[in-house]
>>> print(open('query-v5.txt').read())   # compact mmCIF, C-alpha atoms and all ligand atoms
# COMPACT_ATOMS: atom_id res chain seq x y z
CA MET A 1 17.44 27.49 12.21
CA HIS A 2 15.14 30.35 13.17
CA SER A 3 13.64 32.83 10.81
CA GLY A 4 10.96 35.45 11.28
CA PHE A 5 8.59 33.00 9.64
CA PHE A 6 8.28 30.79 12.70
CA SER A 7 9.28 30.70 16.35
CA GLU A 8 10.65 27.84 18.39
CA GLN A 9 10.79 27.20 22.08
CA ALA A 10 12.87 24.17 23.07
CA VAL A 11 12.11 22.66 26.46
CA ALA A 12 14.29 19.98 28.06
CA VAL A 13 12.24 17.03 29.30
CA PRO A 14 13.35 13.69 30.77
CA GLY A 15 15.09 11.80 27.95
CA GLY A 16 15.14 14.59 25.39
CA THR A 17 13.83 17.89 24.14
CA VAL A 18 10.38 19.02 23.05
CA ARG A 19 10.40 21.75 20.43
CA TYR A 20 7.28 23.92 20.35
CA ARG A 21 7.06 25.63 16.99
CA GLN A 22 4.58 28.15 15.71
CA ASP A 23 4.13 29.66 12.31
CA SER A 24 4.34 33.46 12.74
CA LEU A 25 1.76 34.61 10.19
CA PHE A 26 -0.78 31.78 10.14
CA GLY A 27 -0.56 30.67 13.77
CA PHE A 28 -0.42 26.92 13.11
CA ALA A 29 1.58 25.21 15.83
CA CYS A 30 3.21 21.83 16.42
CA ARG A 31 5.38 19.97 18.91
CA ILE A 32 8.39 18.01 17.71
CA SER A 33 9.61 15.22 19.96
CA PRO A 34 12.19 13.03 18.18
CA GLU A 35 12.32 10.66 21.15
CA ARG A 36 8.78 9.48 20.40
CA GLU A 37 10.09 7.55 17.41
CA LYS A 38 11.26 4.96 19.94
CA ARG A 39 7.67 4.67 21.17
CA THR A 40 6.05 4.06 17.77
CA PRO A 41 8.58 2.30 15.57
CA VAL A 42 7.69 2.61 11.89
CA GLN A 43 6.22 -0.57 10.43
CA SER A 44 6.02 -0.97 6.70
CA PHE A 45 2.69 -2.23 5.46
CA ILE A 46 1.32 -2.82 1.98
CA PRO A 47 -2.15 -4.38 1.84
CA ALA A 48 -2.06 -7.85 0.34
CA SER A 49 -4.87 -7.55 -2.18
CA ALA A 50 -3.52 -8.75 -5.51
CA SER A 51 -6.66 -10.72 -6.38
CA PHE A 52 -9.14 -8.31 -4.79
CA LYS A 53 -11.42 -6.31 -7.10
CA CYS A 54 -13.17 -3.04 -6.23
CA PRO A 55 -15.47 -0.55 -8.04
CA PHE A 56 -12.35 1.38 -9.17
CA CYS A 57 -10.84 -1.67 -10.87
CA HIS A 58 -10.70 -1.54 -14.64
CA GLU A 59 -13.42 -4.14 -15.24
CA ASN A 60 -15.89 -2.42 -12.86
CA ILE A 61 -15.21 1.29 -13.21
CA MET A 62 -17.56 2.04 -16.12
CA GLU A 63 -20.61 0.43 -14.48
CA GLN A 64 -19.95 1.01 -10.79
CA THR A 65 -18.95 4.70 -10.71
CA PRO A 66 -21.06 7.79 -11.54
CA SER A 67 -20.58 10.04 -14.57
CA PHE A 68 -20.72 13.82 -15.00
CA SER A 69 -24.04 15.47 -15.91
CA ASP A 70 -23.26 15.02 -19.64
CA GLY A 71 -23.18 11.25 -19.01
CA LYS A 72 -19.40 11.11 -19.51
CA LYS A 73 -16.24 10.39 -17.52
CA LEU A 74 -12.86 11.95 -18.25
CA PHE A 75 -10.05 9.68 -19.49
CA ILE A 76 -6.42 10.87 -19.43
CA GLY A 77 -3.88 8.10 -19.99
CA GLU A 78 -5.03 5.28 -17.72
CA SER A 79 -6.68 7.67 -15.25
CA VAL A 80 -10.48 7.94 -15.03
CA THR A 81 -12.20 11.01 -13.54
CA PHE A 82 -15.84 11.22 -12.38
CA PRO A 83 -17.96 12.82 -9.61
CA ASN A 84 -17.77 11.40 -6.07
CA LEU A 85 -20.72 9.15 -5.23
CA TYR A 86 -20.64 10.38 -1.59
CA PRO A 87 -19.69 14.08 -1.86
CA PHE A 88 -18.79 16.33 1.06
CA SER A 89 -18.14 19.33 -1.17
CA GLY A 90 -20.18 21.39 -3.65
CA SER A 91 -17.92 19.98 -6.36
CA HIS A 92 -16.27 16.69 -5.39
CA ILE A 93 -14.36 14.86 -8.09
CA VAL A 94 -12.58 11.50 -7.97
CA THR A 95 -9.70 10.50 -10.24
CA VAL A 96 -8.70 6.84 -10.22
CA ILE A 97 -4.96 6.91 -10.93
CA THR A 98 -4.12 3.36 -12.05
CA ARG A 99 -5.78 0.44 -13.80
CA LEU A 100 -4.20 -1.90 -11.24
CA HIS A 101 -5.96 -2.22 -7.89
CA ASN A 102 -2.84 -2.08 -5.77
CA PRO A 103 0.21 -1.34 -7.93
CA ALA A 104 3.63 -1.89 -6.39
CA GLU A 105 4.78 1.43 -7.86
CA MET A 106 3.19 4.52 -9.32
CA SER A 107 4.97 6.24 -12.20
CA VAL A 108 5.42 9.98 -12.75
CA ARG A 109 3.32 9.50 -15.90
CA GLN A 110 0.42 7.99 -13.93
CA ILE A 111 0.52 10.83 -11.36
CA LYS A 112 0.73 13.42 -14.18
CA ASP A 113 -2.28 11.99 -16.03
CA ALA A 114 -4.34 11.87 -12.81
CA LEU A 115 -3.44 15.48 -11.91
CA THR A 116 -4.40 16.50 -15.45
CA GLY A 117 -7.78 14.77 -14.99
CA GLN A 118 -8.30 16.67 -11.72
CA TYR A 119 -7.23 19.94 -13.37
CA GLU A 120 -9.61 19.55 -16.30
CA ALA A 121 -12.57 18.61 -14.09
CA LEU A 122 -11.95 21.33 -11.48
CA MET A 123 -11.56 24.00 -14.18
CA ARG A 124 -15.28 23.53 -14.81
CA CYS A 125 -16.08 24.35 -11.14
CA ASP A 126 -16.35 27.69 -9.41
CA GLY A 127 -14.82 28.55 -6.03
CA TYR A 128 -11.69 27.62 -4.11
CA PRO A 129 -10.34 24.31 -5.42
CA SER A 130 -7.90 21.84 -3.92
CA ILE A 131 -6.54 18.54 -5.22
CA ASN A 132 -6.17 15.90 -2.54
CA TRP A 133 -4.87 12.37 -2.12
CA ASN A 134 -5.35 9.87 0.69
CA ASN A 135 -3.12 6.86 -0.01
CA LEU A 136 -4.08 3.59 1.73
CA PRO A 137 -6.77 3.08 4.42
CA SER A 138 -4.49 4.14 7.29
CA SER A 139 -4.45 7.61 5.68
CA GLY A 140 -8.26 7.61 5.64
CA ALA A 141 -8.68 6.29 2.08
CA SER A 142 -11.87 4.22 1.89
CA MET A 143 -10.47 2.43 -1.16
CA VAL A 144 -7.03 0.85 -1.48
CA HIS A 145 -7.17 1.48 -5.25
CA PRO A 146 -5.09 4.70 -5.72
CA HIS A 147 -7.24 7.77 -6.33
CA MET A 148 -7.18 11.55 -5.95
CA GLN A 149 -10.06 13.80 -4.87
CA GLY A 150 -10.67 17.34 -6.03
CA ILE A 151 -13.01 19.59 -4.08
CA SER A 152 -14.16 23.13 -4.72
CA ASP A 153 -16.41 25.29 -2.56
CA GLN A 154 -17.47 28.94 -2.35
CA THR A 155 -15.46 29.20 0.89
CA PRO A 156 -12.13 27.41 1.36
CA ALA A 157 -11.86 24.86 4.18
CA TYR A 158 -10.54 26.13 7.53
CA ALA A 159 -6.79 25.89 6.92
CA GLY A 160 -7.06 27.26 3.39
CA ARG A 161 -9.13 30.17 4.64
CA ILE A 162 -6.40 31.11 7.12
CA PHE A 163 -3.64 30.79 4.51
CA ILE A 164 -5.54 32.96 2.04
CA GLU A 165 -6.89 35.60 4.46
CA LYS A 166 -3.57 36.10 6.26
CA SER A 167 -1.74 36.32 2.92
CA ARG A 168 -4.15 39.10 1.83
CA GLU A 169 -3.66 40.96 5.13
CA PHE A 170 0.13 40.66 4.75
CA MET A 171 0.03 42.08 1.21
CA MET A 172 -2.17 44.99 2.31
CA ARG A 173 0.02 45.76 5.30
CA TYR A 174 3.50 45.38 3.77
CA GLY A 175 2.82 45.81 0.04
CA CYS A 176 4.62 42.60 -0.89
CA CYS A 177 3.83 38.91 -1.18
CA TYR A 178 4.48 36.85 1.96
CA TRP A 179 5.35 33.79 -0.11
CA ASP A 180 8.23 35.54 -1.96
CA GLY A 181 9.99 36.17 1.35
CA LEU A 182 9.21 32.69 2.65
CA ARG A 183 10.59 31.06 -0.49
CA GLU A 184 13.78 33.10 -0.23
CA ALA A 185 14.29 32.12 3.41
CA GLU A 186 13.43 28.43 2.91
CA ALA A 187 15.70 28.14 -0.17
CA ARG A 188 18.63 29.13 2.05
CA SER A 189 17.53 27.04 5.03
CA GLU A 190 18.60 23.56 6.12
CA ARG A 191 15.09 22.38 5.16
CA TYR A 192 15.68 22.95 1.43
CA ILE A 193 15.43 19.74 -0.63
CA SER A 194 15.41 20.66 -4.33
CA GLY A 195 14.00 22.87 -7.05
CA ASP A 196 14.00 26.52 -7.97
CA GLU A 197 10.79 27.62 -9.66
CA ILE A 198 9.00 24.97 -7.62
CA LEU A 199 10.76 24.89 -4.27
CA TRP A 200 10.59 21.59 -2.35
CA CYS A 201 11.36 21.93 1.36
CA ALA A 202 10.60 20.20 4.64
CA SER A 203 7.98 22.33 6.41
CA PRO A 204 9.46 24.23 9.40
CA VAL A 205 6.19 23.85 11.36
CA PRO A 206 4.98 20.47 10.11
CA ILE A 207 1.26 19.74 10.35
CA GLY A 208 2.02 16.02 10.09
CA GLU A 209 4.91 13.55 10.12
CA LYS A 210 7.74 14.46 7.68
CA GLU A 211 5.64 17.18 6.02
CA ILE A 212 7.17 18.31 2.73
CA ARG A 213 5.90 21.36 0.89
CA GLY A 214 6.30 22.31 -2.73
CA TYR A 215 5.99 26.10 -3.00
CA LEU A 216 4.46 26.94 -6.38
CA PRO A 217 5.01 30.15 -8.39
CA PHE A 218 1.31 30.87 -9.01
CA SER A 219 -1.97 31.39 -7.15
CA SER A 220 -4.83 29.67 -8.91
CA LEU A 221 -5.83 26.65 -10.94
CA PRO A 222 -5.53 28.03 -14.52
CA ASP A 223 -1.73 28.31 -14.05
CA PHE A 224 -1.43 24.77 -12.65
CA ASP A 225 -1.54 23.05 -16.04
CA SER A 226 2.00 23.89 -17.22
CA TYR A 227 3.56 22.84 -13.89
CA ILE A 228 1.86 19.42 -13.68
CA PRO A 229 4.88 17.46 -15.04
CA GLU A 230 7.30 19.00 -12.51
CA ILE A 231 4.84 18.67 -9.61
CA SER A 232 4.26 15.00 -10.54
CA ALA A 233 8.00 14.31 -10.55
CA GLY A 234 8.29 16.00 -7.14
CA LEU A 235 5.40 13.98 -5.69
CA LYS A 236 6.99 10.75 -6.97
CA LYS A 237 10.27 11.65 -5.21
CA ILE A 238 8.39 12.30 -1.94
CA ILE A 239 6.51 8.97 -2.23
CA ASP A 240 9.84 7.16 -2.84
CA TYR A 241 11.43 8.93 0.13
CA TYR A 242 8.51 7.99 2.41
CA ARG A 243 8.72 4.36 1.25
CA SER A 244 12.44 4.33 2.01
CA CYS A 245 11.44 5.31 5.58
CA GLY A 246 8.74 2.58 5.71
CA HIS A 247 5.75 4.92 5.18
CA PHE A 248 3.44 3.72 2.42
CA ALA A 249 0.40 5.74 3.54
CA PHE A 250 0.27 9.51 3.11
CA ASN A 251 -2.06 12.47 2.64
CA ALA A 252 -1.41 15.19 0.11
CA THR A 253 -3.12 18.42 -0.89
CA ILE A 254 -2.52 21.19 -3.42
CA ARG A 255 -4.37 24.39 -2.44
CA PHE A 256 -5.44 27.12 -4.85
CA ASP A 257 -6.89 30.61 -4.50
CA ARG A 258 -10.01 31.42 -6.52
CA GLN A 259 -9.44 32.51 -10.12
CA ASP A 260 -10.04 36.25 -9.58
CA ASN A 261 -7.39 36.81 -6.92
CA ASP A 262 -4.89 39.55 -6.01
CA GLY A 263 -1.80 37.29 -6.14
CA SER A 264 -1.21 37.57 -2.39
CA PHE A 265 -1.59 33.80 -1.81
CA ARG A 266 0.57 31.27 -3.65
CA SER A 267 -0.43 27.68 -4.17
CA PHE A 268 1.58 24.97 -2.48
CA VAL A 269 1.76 21.22 -2.32
CA SER A 270 1.67 19.71 1.16
CA VAL A 271 2.38 16.01 1.84
CA ILE A 272 2.44 14.22 5.20
CA ALA A 273 3.42 10.62 5.99
CA ARG A 274 1.03 8.43 8.00
CA ILE A 275 2.70 6.14 10.45
CA ASN A 276 0.17 3.71 11.88
CA PRO A 277 -0.53 1.11 9.21
CA ASN A 278 -3.71 -0.81 9.85
CA GLU A 279 -5.04 -3.63 7.75
CA LEU A 280 -8.40 -3.92 9.48
CA SER A 281 -9.87 -0.41 9.48
CA VAL A 282 -10.07 2.85 7.58
CA SER A 283 -8.73 5.77 9.62
CA ASP A 284 -11.31 8.49 10.27
CA SER A 285 -8.62 11.13 9.75
CA ALA A 286 -8.05 11.84 6.09
CA PHE A 287 -7.05 14.91 4.06
CA MET A 288 -9.93 17.04 5.37
CA GLU A 289 -9.03 16.41 9.01
CA ARG A 290 -5.24 16.40 8.66
CA LEU A 291 -4.52 18.99 5.96
CA HIS A 292 -7.62 21.22 5.80
CA PHE A 293 -8.40 21.14 9.56
CA GLU A 294 -12.12 20.78 8.80
CA PRO A 295 -13.55 17.45 9.94
CA VAL A 296 -16.12 15.61 7.87
CA CYS A 297 -18.77 14.00 10.12
CA MET A 298 -21.66 11.69 9.30
CA THR A 299 -24.16 12.16 12.12
CA LEU A 300 -26.30 15.28 12.39
CA PRO A 301 -25.81 16.56 15.98
CA GLU A 302 -29.55 17.26 16.29
CA LYS A 303 -30.18 13.57 15.70
CA ILE A 304 -27.99 12.40 18.57
CA PRO A 305 -30.42 13.20 21.47
CA LEU A 306 -33.14 11.25 19.63
CA MET A 307 -30.76 8.31 19.31
CA PHE A 308 -30.30 8.35 23.11
CA LYS A 309 -33.99 7.67 23.68
ZN ZN A 401 -9.58 -1.79 -7.44
>>> encode(input="query-v5.txt", output="structure tokens")
Amino acid sequence: MHSGFFSEQAVAVPGGTVRYRQDSLFGFACRISPEREKRTPVQSFIPASASFKCPFCHENIMEQTPSFSDGKKLFIGESVTFPNLYPFSGSHIVTVITRLHNPAEMSVRQIKDALTGQYEALMRCDGYPSINWNNLPSSGASMVHPHMQGISDQTPAYAGRIFIEKSREFMMRYGCCYWDGLREAEARSERYISGDEILWCASPVPIGEKEIRGYLPFSSLPDFDSYIPEISAGLKKIIDYYRSCGHFAFNATIRFDRQDNDGSFRSFVSVIARINPNELSVSDSAFMERLHFEPVCMTLPEKIPLMFK
């Protein structure tokens, strides 16, 4: 079970075992306590909203969403791509995946078209891009209507910065790519799920429930295009697996290095299940908090003392 890529300390506690795991290079840590599943049994939940209409619905999307500076939106298949009305990134792009507000299923084709929309829009942006997906309000999505969000900034968000910086240090120190060795070890491990060129594996040090990673054979966005069909098929399999476990909400991210890179970092897909379905509120933990480790806040701290008065 162990490899040099992570460490584990198992501690016996009343009723079970807590496994403390830490990623060796990046330092991310987690605690795995299988017994806690008894405490929070998984409840399936799909919002009942068949007749509900939102700004992302087909009949509203042209009027109620913004357009790019050329006055246009991007249409790929049934997906529609446009800038975020409430951005928290220098470039913040939304892709609505489906015409239906709350489809029972999403097809590989729909995911592929949406990823292509994100790819085409993000290719026009500078910086460190990522493609992200909060699915359902309990994952932090403000809209039930399925959508992806691309962001790109001059500095990657916290987790991405660690992945990229440590990968560069590793390459400089050992003269080889960290991700080649990791892929080799994970392909032989009991966490391997499927794939070869794109390697799908359960993450040894999960940063969320049932985290699955898809290790990609490239570093930056220009190479993403030709792998979109296979990545879409992989995402669909993960979504189906989560649903079979009762998880309909999830967060996903695909991280990329900037275009002029040294090849030391490799892109990867990361998907986590969300386990507390809630019909009445939108979770305040979404992809930024859960997968990028960089919280998005609304209130300027300097304003808070004034609000006390
Ligand atoms: Zn809608």
>>> atom_distance(input="query-v5.txt", atom1="CA of Phe163 in chain A", atom2="CA of Leu291 in chain A")
11.9 Å
>>> residues_around(input="query-v5.txt", residues="Ala114 in chain A", least_positions_apart="6", cutoff="8 Å", atoms="only C-alpha atoms", output="number ranges by chain")
A: 76, 79-81, 95-97, 148
>>> closest_atom_pairs(input="query-v5.txt", of="range 121-193 of chain A", to="range 249-267 of chain A", cutoff="9 Å", atoms="all atoms listed in the file", output="CSV")
residue,atom,partner,partner_atom,distance
A:Asp126,CA,A:Arg258,CA,7.9
A:Gly127,CA,A:Arg258,CA,5.6
A:Tyr128,CA,A:Arg258,CA,4.8
A:Pro129,CA,A:Phe256,CA,5.7
A:Ser130,CA,A:Arg255,CA,4.6
A:Ile131,CA,A:Ile254,CA,5.1
A:Asn132,CA,A:Thr253,CA,4.3
A:Trp133,CA,A:Ala252,CA,5.0
A:Asn134,CA,A:Asn251,CA,4.6
A:Asn135,CA,A:Ala249,CA,5.1
A:Leu136,CA,A:Ala249,CA,5.3
A:Pro137,CA,A:Ala249,CA,7.7
A:Ser138,CA,A:Ala249,CA,6.4
A:Ser139,CA,A:Ala249,CA,5.6
A:Gly140,CA,A:Asn251,CA,8.4
A:Gln154,CA,A:Arg258,CA,8.9
A:Pro156,CA,A:Asp257,CA,8.5
A:Gly160,CA,A:Arg255,CA,7.0
A:Phe163,CA,A:Phe265,CA,7.3
A:Ile164,CA,A:Phe265,CA,5.6
A:Glu165,CA,A:Phe265,CA,8.4
A:Lys166,CA,A:Phe265,CA,8.6
A:Ser167,CA,A:Phe265,CA,5.4
A:Arg168,CA,A:Ser264,CA,5.4
A:Glu169,CA,A:Ser264,CA,8.6
A:Phe170,CA,A:Ser264,CA,7.9
A:Met171,CA,A:Ser264,CA,5.9
A:Met172,CA,A:Ser264,CA,8.8
A:Cys176,CA,A:Ser264,CA,7.8
A:Cys177,CA,A:Ser264,CA,5.4
A:Tyr178,CA,A:Ser264,CA,7.2
A:Trp179,CA,A:Arg266,CA,6.5
A:Asp180,CA,A:Arg266,CA,8.9
>>> closest_residue(input="query-v5.txt", among="A:Pro146, A:Gly181, A:Gly71, A:Gly77", to="ligand ZN 401 (chain A)", atoms="only C-alpha atoms and all ligand atoms")
A:Pro146
>>> closest_atom_pairs(input="query-v5.txt", of="chain A", to="ligand ZN 401 (chain A)", cutoff="12 Å", atoms="all atoms listed in the file", output="Markdown table")
| residue | atom | partner | partner_atom | distance |
| --- | --- | --- | --- | --- |
| A:Ser49 | CA | A:ZN401 | ZN | 9.1 |
| A:Ala50 | CA | A:ZN401 | ZN | 9.4 |
| A:Ser51 | CA | A:ZN401 | ZN | 9.5 |
| A:Phe52 | CA | A:ZN401 | ZN | 7.1 |
| A:Lys53 | CA | A:ZN401 | ZN | 4.9 |
| A:Cys54 | CA | A:ZN401 | ZN | 4.0 |
| A:Pro55 | CA | A:ZN401 | ZN | 6.0 |
| A:Phe56 | CA | A:ZN401 | ZN | 4.6 |
| A:Cys57 | CA | A:ZN401 | ZN | 3.7 |
| A:His58 | CA | A:ZN401 | ZN | 7.3 |
| A:Glu59 | CA | A:ZN401 | ZN | 9.0 |
| A:Asn60 | CA | A:ZN401 | ZN | 8.3 |
| A:Ile61 | CA | A:ZN401 | ZN | 8.6 |
| A:Gln64 | CA | A:ZN401 | ZN | 11.3 |
| A:Thr65 | CA | A:ZN401 | ZN | 11.9 |
| A:Val96 | CA | A:ZN401 | ZN | 9.1 |
| A:Ile97 | CA | A:ZN401 | ZN | 10.5 |
| A:Thr98 | CA | A:ZN401 | ZN | 8.8 |
| A:Arg99 | CA | A:ZN401 | ZN | 7.7 |
| A:Leu100 | CA | A:ZN401 | ZN | 6.6 |
| A:His101 | CA | A:ZN401 | ZN | 3.7 |
| A:Asn102 | CA | A:ZN401 | ZN | 6.9 |
| A:Pro103 | CA | A:ZN401 | ZN | 9.8 |
| A:Leu136 | CA | A:ZN401 | ZN | 12.0 |
| A:Ser142 | CA | A:ZN401 | ZN | 11.3 |
| A:Met143 | CA | A:ZN401 | ZN | 7.6 |
| A:Val144 | CA | A:ZN401 | ZN | 7.0 |
| A:His145 | CA | A:ZN401 | ZN | 4.6 |
| A:Pro146 | CA | A:ZN401 | ZN | 8.1 |
| A:His147 | CA | A:ZN401 | ZN | 9.9 |
>>> atom_distance(input="query-v5.txt", atom1="CA of Val269 in chain A", atom2="CA of Tyr86 in chain A")
24.9 Å
>>> closest_residue(input="query-v5.txt", among="A:Lys303, A:Arg274, A:Arg31, A:His292", to="Ala157 in chain A", atoms="only C-alpha atoms")
A:His292
>>> residues_around(input="query-v5.txt", residues="range 7-10 of chain A", least_positions_apart="6", cutoff="8 Å", atoms="only C-alpha atoms", output="ChimeraX atom specification")
/A:17-24
>>> atom_distance(input="query-v5.txt", atom1="CA of Leu199 in chain A", atom2="CA of Gly150 in chain A")
22.8 Å
>>> closest_residue(input="query-v5.txt", among="A:Ala12, A:Ala187, A:Val94, A:Cys297", to="Ala121 in chain A", atoms="only C-alpha atoms")
A:Val94
>>> residues_near_point(input="query-v5.txt", point="(11.7, 25.9, -9.1)", cutoff="9 Å", atoms="all atoms listed in the file", output="PDB file with C-alpha atoms, in the coordinates of the input")
ATOM      1  CA  SER A 194      15.410  20.660  -4.330  1.00  0.00           C
ATOM      2  CA  GLY A 195      14.000  22.870  -7.050  1.00  0.00           C
ATOM      3  CA  ASP A 196      14.000  26.520  -7.970  1.00  0.00           C
ATOM      4  CA  GLU A 197      10.790  27.620  -9.660  1.00  0.00           C
ATOM      5  CA  ILE A 198       9.000  24.970  -7.620  1.00  0.00           C
ATOM      6  CA  LEU A 199      10.760  24.890  -4.270  1.00  0.00           C
ATOM      7  CA  TRP A 200      10.590  21.590  -2.350  1.00  0.00           C
ATOM      8  CA  TYR A 215       5.990  26.100  -3.000  1.00  0.00           C
ATOM      9  CA  LEU A 216       4.460  26.940  -6.380  1.00  0.00           C
ATOM     10  CA  PRO A 217       5.010  30.150  -8.390  1.00  0.00           C
ATOM     11  CA  GLU A 230       7.300  19.000 -12.510  1.00  0.00           C
TER      12      GLU A 230
END
>>> closest_residue(input="query-v5.txt", among="A:Thr155, A:Asn276, A:Thr116, A:Asn84", to="Gln43 in chain A", atoms="all atoms listed in the file")
A:Asn276
>>> residues_around(input="query-v5.txt", residues="Ala233 in chain A", least_positions_apart="6", cutoff="9 Å", atoms="only C-alpha atoms", output="PyMOL selection string")
chain A and resi 107-109+111-112
>>> closest_residue(input="query-v5.txt", among="A:Phe268, A:Ile239, A:Arg183, A:Met298", to="Ser219 in chain A", atoms="all atoms listed in the file")
A:Phe268
>>> closest_residue(input="query-v5.txt", among="A:Ala29, A:Val282, A:Ile207, A:Val296", to="Phe88 in chain A", atoms="all atoms listed in the file")
A:Val296
>>> residues_around(input="query-v5.txt", residues="Glu186 in chain A", least_positions_apart="5", cutoff="9 Å", atoms="only C-alpha atoms", output="ChimeraX atom specification")
/A:181,191-192,199,201-204
>>> residues_around(input="query-v5.txt", residues="Lys72 in chain A", least_positions_apart="2", cutoff="12 Å", atoms="all atoms listed in the file", output="PyMOL selection string")
chain A and resi 62-63+65-70+74-75+80-83+121
>>> decode(input="query-v5.txt", residues="range 138-151 of chain A", atoms="N, CA, C and O atoms", output="PDB file, in the first residue's frame")
ATOM      1  N   SER A 138     -25.228  21.655  -3.120  1.00  0.00           N
ATOM      2  CA  SER A 138     -24.464  21.160  -1.973  1.00  0.00           C
ATOM      3  C   SER A 138     -22.980  21.056  -2.286  1.00  0.00           C
ATOM      4  O   SER A 138     -22.161  20.865  -1.390  1.00  0.00           O
ATOM      5  N   SER A 139     -22.591  21.220  -3.561  1.00  0.00           N
ATOM      6  CA  SER A 139     -21.162  21.301  -3.904  1.00  0.00           C
ATOM      7  C   SER A 139     -20.715  22.763  -4.014  1.00  0.00           C
ATOM      8  O   SER A 139     -19.578  23.031  -4.377  1.00  0.00           O
ATOM      9  N   GLY A 140     -21.627  23.695  -3.720  1.00  0.00           N
ATOM     10  CA  GLY A 140     -21.298  25.112  -3.818  1.00  0.00           C
ATOM     11  C   GLY A 140     -21.788  25.761  -5.102  1.00  0.00           C
ATOM     12  O   GLY A 140     -21.575  26.961  -5.306  1.00  0.00           O
ATOM     13  N   ALA A 141     -22.441  24.994  -5.976  1.00  0.00           N
ATOM     14  CA  ALA A 141     -22.962  25.589  -7.217  1.00  0.00           C
ATOM     15  C   ALA A 141     -24.112  26.537  -6.868  1.00  0.00           C
ATOM     16  O   ALA A 141     -25.023  26.157  -6.149  1.00  0.00           O
ATOM     17  N   SER A 142     -24.058  27.763  -7.394  1.00  0.00           N
ATOM     18  CA  SER A 142     -25.153  28.695  -7.109  1.00  0.00           C
ATOM     19  C   SER A 142     -26.349  28.397  -8.005  1.00  0.00           C
ATOM     20  O   SER A 142     -27.464  28.810  -7.715  1.00  0.00           O
ATOM     21  N   MET A 143     -26.099  27.678  -9.102  1.00  0.00           N
ATOM     22  CA  MET A 143     -27.177  27.327 -10.025  1.00  0.00           C
ATOM     23  C   MET A 143     -27.253  25.807 -10.139  1.00  0.00           C
ATOM     24  O   MET A 143     -26.215  25.151 -10.299  1.00  0.00           O
ATOM     25  N   VAL A 144     -28.474  25.276 -10.099  1.00  0.00           N
ATOM     26  CA  VAL A 144     -28.661  23.837 -10.312  1.00  0.00           C
ATOM     27  C   VAL A 144     -28.294  23.468 -11.749  1.00  0.00           C
ATOM     28  O   VAL A 144     -27.708  22.414 -12.015  1.00  0.00           O
ATOM     29  N   HIS A 145     -28.613  24.364 -12.676  1.00  0.00           N
ATOM     30  CA  HIS A 145     -28.389  24.119 -14.109  1.00  0.00           C
ATOM     31  C   HIS A 145     -26.896  23.796 -14.339  1.00  0.00           C
ATOM     32  O   HIS A 145     -26.028  24.615 -14.024  1.00  0.00           O
ATOM     33  N   PRO A 146     -26.571  22.608 -14.883  1.00  0.00           N
ATOM     34  CA  PRO A 146     -25.161  22.175 -14.952  1.00  0.00           C
ATOM     35  C   PRO A 146     -24.272  23.147 -15.733  1.00  0.00           C
ATOM     36  O   PRO A 146     -24.605  23.537 -16.854  1.00  0.00           O
ATOM     37  N   HIS A 147     -23.160  23.523 -15.114  1.00  0.00           N
ATOM     38  CA  HIS A 147     -22.240  24.456 -15.770  1.00  0.00           C
ATOM     39  C   HIS A 147     -20.818  24.233 -15.275  1.00  0.00           C
ATOM     40  O   HIS A 147     -20.611  23.759 -14.168  1.00  0.00           O
ATOM     41  N   MET A 148     -19.851  24.561 -16.129  1.00  0.00           N
ATOM     42  CA  MET A 148     -18.438  24.531 -15.755  1.00  0.00           C
ATOM     43  C   MET A 148     -17.926  25.956 -15.628  1.00  0.00           C
ATOM     44  O   MET A 148     -18.550  26.890 -16.154  1.00  0.00           O
ATOM     45  N   GLN A 149     -16.796  26.128 -14.925  1.00  0.00           N
ATOM     46  CA  GLN A 149     -16.200  27.459 -14.786  1.00  0.00           C
ATOM     47  C   GLN A 149     -14.705  27.368 -15.055  1.00  0.00           C
ATOM     48  O   GLN A 149     -14.003  26.600 -14.392  1.00  0.00           O
ATOM     49  N   GLY A 150     -14.238  28.152 -16.002  1.00  0.00           N
ATOM     50  CA  GLY A 150     -12.805  28.243 -16.253  1.00  0.00           C
ATOM     51  C   GLY A 150     -12.273  29.509 -15.617  1.00  0.00           C
ATOM     52  O   GLY A 150     -12.918  30.560 -15.679  1.00  0.00           O
ATOM     53  N   ILE A 151     -11.117  29.401 -14.970  1.00  0.00           N
ATOM     54  CA  ILE A 151     -10.468  30.604 -14.445  1.00  0.00           C
ATOM     55  C   ILE A 151      -9.011  30.600 -14.925  1.00  0.00           C
ATOM     56  O   ILE A 151      -8.426  29.548 -15.171  1.00  0.00           O
TER      57      ILE A 151
END
